[in-house]
Structure formats: structure tokens, C-alpha cells
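Peer 1: Sending over a structure as C-alpha cells; questions will come in a sec.
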Amino acid sequence: MALRLFRDTSGPSIAPGGSIVAIGAFDGLHRGHQSLLDTVHERAVAKHVSAAAISFEPLPRAFFSPQPLPRLSTVREKLQGMEAARLDAVLMLRFNQKLTAMPAEDFITHVLVGRMNAREVWVGADFRFGHGRRGDFAMLERMGAQLGFTAHALPPVEIEGVRVSSSRVRALLAEGCFAEVLPLLGRPFVIEGHVEHGNKLGRTLGYPTANIHLRKRVSPIQGIFSVRIGVGEGPCSWPGVASLGVRPTVNSVAEPLLEAHLFDFSGDLYGRRVAVEFVTKLRDEQKFADLDTLTAQMKLDETHARQALGMNPILVDA
């Protein structure tokens, strides 16, 4: 059965037969999130009820932050991960002024009980909710005993003594530590999107690129990277080099653009969905004096990317 998606706090019950519910922002669906969703699925199967989650868009931290918050996953990727976790339904609430003004008690009675028909509610140990963040685990336990559900706090998942969190993953990605991120996410860090037409400058410089516009998404990484690219549903196996930034030398984009050059590739990717897996960071983005200097650096980037990916390097004139 396909994952069912709902957006509103009001309406008929999403799970008339009852549900086991996880609550969280779930950005990146890291190993901690995966453990929580696995538990919900197992409990739902045991209880013969629906496995469900409540999440929020935009992310609560992004809503309150004065600065744009880097995202580990898009809404589409988050929902794909929840479907892969075998959830039956997701209530993706619009995080806005109306929701922040809702008292914690009303969230429990209207959303958890009225909308979700919760039998069990699973959260992280430090979960807070409701107006002024008054709601906490103790409130869930107390009101759950009155309203017919039990509350459960899943202990933090730790790897080598360090707690797995979205903030930790963002910080490591910003430093280009992709190998360290792998065990926290349980998979490589990937950005996906449809290839769009650009100004084709890379083609004239000998480096045609597949361009992915991030639009409103704020990336946790910027710079030049060795990458592996997957096309369509295929694995990320094609080696390449990628730039993610605002192209300061040509100054032609106001928003970050992901440009991936596939080594030894010939073909048309326009309109295709591609996935870019980041392997190593080669350098920060920088502005060059002219296109000749930029092209010389791009050749060096290709050499370094091939080496990082275990390929035979190309020869570059000194």
C-alpha cells in the first residue's frame, strides 16, 4: 500500500483502527530517525494498527531561525524515506504562526487523539511541542494515561560515543567530512534533481555539465567535489566532478547551482532525474581573474577528482 499523506490538523481520523505514531522533523532521516521509524513499524505490526508519523514543513528550526537553515533532504526525499520505512501514513503539518499558537494540550487532544487515534506515541527524549514549547514528554505521559495512549521516549542513537543528530550531520557536511557522515546517515550524502538547461558555458570550456537548480533549498555544502552520479533509478556509479555554489567567476546565478561533469560521458541528460553522491571535497569555490585561469583550475580539479575516485589521472601541463 502506498504511503498516504495528510497536511491538516483538523479532519476525520487518519487511522480509524488506531495508530502507532512517531513525531519529529526528520530532516535527513539519519540513523536516529531510522531507529525511531523502525520501532514504530514493529509496534504497529504487533498491535495490528497503522504505522504513522507526524512531521513539519518548513522545519521548526528553520521557521524560527533568522538565517536560512541548510536542509539535508527535500520534502520529496523525506517522504520517500518514510515510505521505505514502511509507514502507512504521514501527517505533514504546515509549520506556521497558527500551529505555533496551538496550546500543547490542544495538539494532544486534536492531533494525536482526534486526527491520529494514537495508541502509542514515540518521540526523542528532548522533544518539545505546543505554544511556548510547553509540551514535553511528561505531559504526553500524563494526558496519554487519561486519553488512552502511552508515551515512549527512544534513547538517542550514538555512534562511537557521539549522538546522531541532524545538526551533527550538517556540521560535518559543512567541513566536507563525507566519510564521517556515512555511518550517521547510514548511506552517502546525495542531492537529487532534474537536469535543466543552463548557459552552456561549461560546454565551451570543455566541461559540459548537468545542471540542477536548488531554488529555495539551502545546501549544507558549497565548493568543488569529486562525485558519483546516478541517472534515473540507476545507482550512483558514474564518476565525475561537481561544483555547488554561485559561480563567482561568471557571476551568472543568484541562487546556488549544482553543476556535475560526468567523466568520459556522451549523451543527453536534459529533463532526466539524476542523483549526485558527494565523495570528497576538493576545494572551496573561488573567483578567478579570467576564463583561461578558470579552465586551467578545472583541469586540475578533474585530475584531483579522478585520483580521489581511484581512477587514472589525466596529465595536466605544469
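FYI, nothing fancy with the C-alpha cells labels: chains A, B, ... in order, residues from 1 per chain, ligands from 1 as they appear.
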From a DSSP calculation on the backbone, collect every residue of region 6-228 of chain A in alpha helix (DSSP H) and output the set as an MDAnalysis selection string.

Peer 2: chainID A and resid 31:47 60:64 75:84 97:100 104:106 137:147 166:174 178:185 201:204

Peer 1: Could you pull out all residues of region 20-211 of chain A with a DSSP call of strand (DSSP E) and give them as a VMD selection string?

Peer 2: chain A and resid 20 to 23 50 to 57 89 to 94 118 to 124 150 to 154 158 to 159 162 to 163 190 to 194 210 to 211

Peer 1: With N, CA and C atoms retained, write the just-selected residues as a compact mmCIF listing (two decimals), in the first residue's frame.

Peer 2:
# COMPACT_ATOMS: atom_id res chain seq x y z
N ILE A 20 0.27 3.73 15.73
CA ILE A 20 1.49 3.98 16.49
C ILE A 20 2.16 5.16 15.78
N VAL A 21 2.48 6.23 16.52
CA VAL A 21 2.89 7.49 15.91
C VAL A 21 4.28 7.91 16.37
N ALA A 22 5.12 8.28 15.40
CA ALA A 22 6.40 8.94 15.70
C ALA A 22 6.26 10.41 15.36
N ILE A 23 6.89 11.27 16.14
CA ILE A 23 6.84 12.71 15.88
C ILE A 23 8.26 13.24 15.76
N SER A 50 -2.11 1.04 12.36
CA SER A 50 -1.34 1.76 11.35
C SER A 50 -0.03 2.29 11.93
N ALA A 51 1.02 2.26 11.11
CA ALA A 51 2.30 2.90 11.44
C ALA A 51 2.28 4.30 10.83
N ALA A 52 2.50 5.32 11.66
CA ALA A 52 2.34 6.69 11.18
C ALA A 52 3.40 7.61 11.77
N ALA A 53 3.53 8.77 11.15
CA ALA A 53 4.45 9.79 11.64
C ALA A 53 3.82 11.15 11.49
N ILE A 54 4.20 12.05 12.38
CA ILE A 54 3.85 13.47 12.26
C ILE A 54 5.16 14.22 12.06
N SER A 55 5.20 15.02 10.99
CA SER A 55 6.37 15.85 10.74
C SER A 55 5.92 17.25 10.38
N PHE A 56 6.87 18.13 10.06
CA PHE A 56 6.56 19.54 9.89
C PHE A 56 7.33 20.12 8.71
N GLU A 57 6.66 20.98 7.96
CA GLU A 57 7.29 21.74 6.89
C GLU A 57 6.71 23.15 6.88
N ALA A 89 1.02 6.08 6.93
CA ALA A 89 0.50 7.43 6.77
C ALA A 89 1.45 8.44 7.41
N VAL A 90 1.47 9.63 6.82
CA VAL A 90 2.26 10.75 7.36
C VAL A 90 1.37 11.98 7.42
N LEU A 91 1.36 12.63 8.57
CA LEU A 91 0.70 13.93 8.72
C LEU A 91 1.79 14.99 8.69
N MET A 92 1.92 15.65 7.54
CA MET A 92 2.97 16.66 7.34
C MET A 92 2.35 18.03 7.60
N LEU A 93 2.46 18.49 8.84
CA LEU A 93 1.79 19.71 9.24
C LEU A 93 2.50 20.96 8.73
N ARG A 94 1.74 21.95 8.33
CA ARG A 94 2.29 23.24 7.91
C ARG A 94 2.74 23.99 9.15
N ALA A 118 -4.15 7.84 18.21
CA ALA A 118 -2.90 7.22 18.65
C ALA A 118 -3.12 6.22 19.77
N ARG A 119 -2.42 5.08 19.65
CA ARG A 119 -2.35 4.10 20.73
C ARG A 119 -1.02 4.22 21.48
N GLU A 120 0.03 4.52 20.71
CA GLU A 120 1.35 4.79 21.28
C GLU A 120 1.94 5.99 20.56
N VAL A 121 2.65 6.84 21.30
CA VAL A 121 3.34 8.00 20.73
C VAL A 121 4.82 7.87 21.05
N TRP A 122 5.66 7.89 20.00
CA TRP A 122 7.11 7.74 20.16
C TRP A 122 7.81 9.02 19.75
N VAL A 123 8.68 9.51 20.63
CA VAL A 123 9.40 10.76 20.38
C VAL A 123 10.85 10.62 20.84
N GLY A 124 11.68 11.61 20.49
CA GLY A 124 13.01 11.69 21.06
C GLY A 124 12.93 12.19 22.49
N THR A 150 -0.16 5.54 25.25
CA THR A 150 1.05 5.54 26.04
C THR A 150 2.13 6.32 25.32
N ALA A 151 3.01 6.95 26.09
CA ALA A 151 4.10 7.75 25.52
C ALA A 151 5.42 7.02 25.74
N HIS A 152 6.29 7.10 24.73
CA HIS A 152 7.58 6.40 24.79
C HIS A 152 8.66 7.32 24.24
N ALA A 153 9.77 7.43 24.97
CA ALA A 153 10.92 8.22 24.52
C ALA A 153 12.04 7.28 24.12
N LEU A 154 12.44 7.34 22.86
CA LEU A 154 13.52 6.48 22.39
C LEU A 154 14.85 7.11 22.76
N GLU A 158 23.74 6.54 19.42
CA GLU A 158 25.12 7.02 19.45
C GLU A 158 26.00 6.12 18.60
N ILE A 159 26.95 6.73 17.92
CA ILE A 159 27.96 6.00 17.15
C ILE A 159 29.32 6.46 17.63
N VAL A 162 29.19 9.37 20.10
CA VAL A 162 28.67 10.67 19.67
C VAL A 162 27.22 10.51 19.25
N ARG A 163 26.36 11.37 19.76
CA ARG A 163 24.94 11.31 19.43
C ARG A 163 24.70 11.64 17.96
N VAL A 190 23.56 12.59 -0.70
CA VAL A 190 23.19 12.71 -2.11
C VAL A 190 22.26 13.90 -2.29
N ILE A 191 22.42 14.63 -3.39
CA ILE A 191 21.45 15.64 -3.81
C ILE A 191 20.87 15.21 -5.15
N GLU A 192 19.55 15.22 -5.25
CA GLU A 192 18.87 14.79 -6.46
C GLU A 192 18.14 15.97 -7.11
N GLY A 193 17.87 15.84 -8.40
CA GLY A 193 17.10 16.86 -9.10
C GLY A 193 17.05 16.58 -10.59
N HIS A 194 16.22 17.34 -11.29
CA HIS A 194 16.12 17.21 -12.73
C HIS A 194 17.13 18.12 -13.41
N ALA A 210 25.76 18.72 -16.10
CA ALA A 210 24.35 18.52 -15.80
C ALA A 210 23.99 19.49 -14.67
N ASN A 211 23.08 20.41 -14.94
CA ASN A 211 22.76 21.49 -14.01
C ASN A 211 21.50 21.18 -13.22

Peer 1: What gap, in Å, lies between CA of Ser266 (chain A) and CA of Thr74 (chain A)?

Peer 2: 29.2 Å

Peer 1: Would you mind telling me which residue in A:Ala44, A:Val279, A:Ala62, A:Ala85 lies nearest to Glu180 (chain A) when using only C-alpha atoms?

Peer 2: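 The answer is A:Val279, which sits nearest to Glu180 (chain A).
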
Peer 1: For Gly32 (chain A), list every protein, DNA or RNA residue within 10 Å, evaluated using only C-alpha atoms, and leave out those in the same chain fewer than 3 positions away; present the list as a short mmCIF file (atom, residue, chain, number, x, y, z; two decimals) with C-alpha atoms, in the first residue's frame.

Peer 2:
data_model
loop_
_atom_site.label_atom_id
_atom_site.label_comp_id
_atom_site.auth_asym_id
_atom_site.auth_seq_id
_atom_site.Cartn_x
_atom_site.Cartn_y
_atom_site.Cartn_z
CA PHE A 26 13.07 14.01 10.31
CA LEU A 29 16.31 10.61 8.05
CA SER A 35 15.62 3.61 14.58
CA LEU A 36 12.51 5.54 15.64
CA LEU A 37 10.57 4.68 12.48
CA ASP A 38 11.65 1.03 12.63
CA GLY A 124 13.01 11.69 21.06
CA LEU A 154 13.52 6.48 22.39
CA PRO A 155 17.06 6.92 23.76
CA PRO A 156 19.46 8.80 21.46
CA VAL A 157 21.36 6.68 18.95
CA GLU A 158 25.12 7.02 19.45
CA ARG A 163 24.94 11.31 19.43
CA VAL A 164 23.49 11.10 15.93
CA SER A 165 21.63 14.31 15.09
CA SER A 166 20.75 16.41 12.06
CA LEU A 184 25.44 8.71 10.79
CA LEU A 185 23.13 8.70 7.78
CA GLY A 186 23.55 5.03 7.02
#

Peer 1: Just want the 9 Å neighbourhood of Arg283 (chain A), counted on only C-alpha atoms, with same-chain residues fewer than 6 positions away dropped. Output as a list in words.

Peer 2: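 Counting only the stated atoms, we get Gly223, Ile224, Phe225 and Asp301 of chain A.
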
Peer 1: With only C-alpha atoms as the atoms that count, which of A:Ala174, A:Val241, A:Val246, A:Met116 lies nearest to Arg228 (chain A)?

Peer 2: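 Closest to Arg228 (chain A), using only C-alpha atoms: A:Val241.
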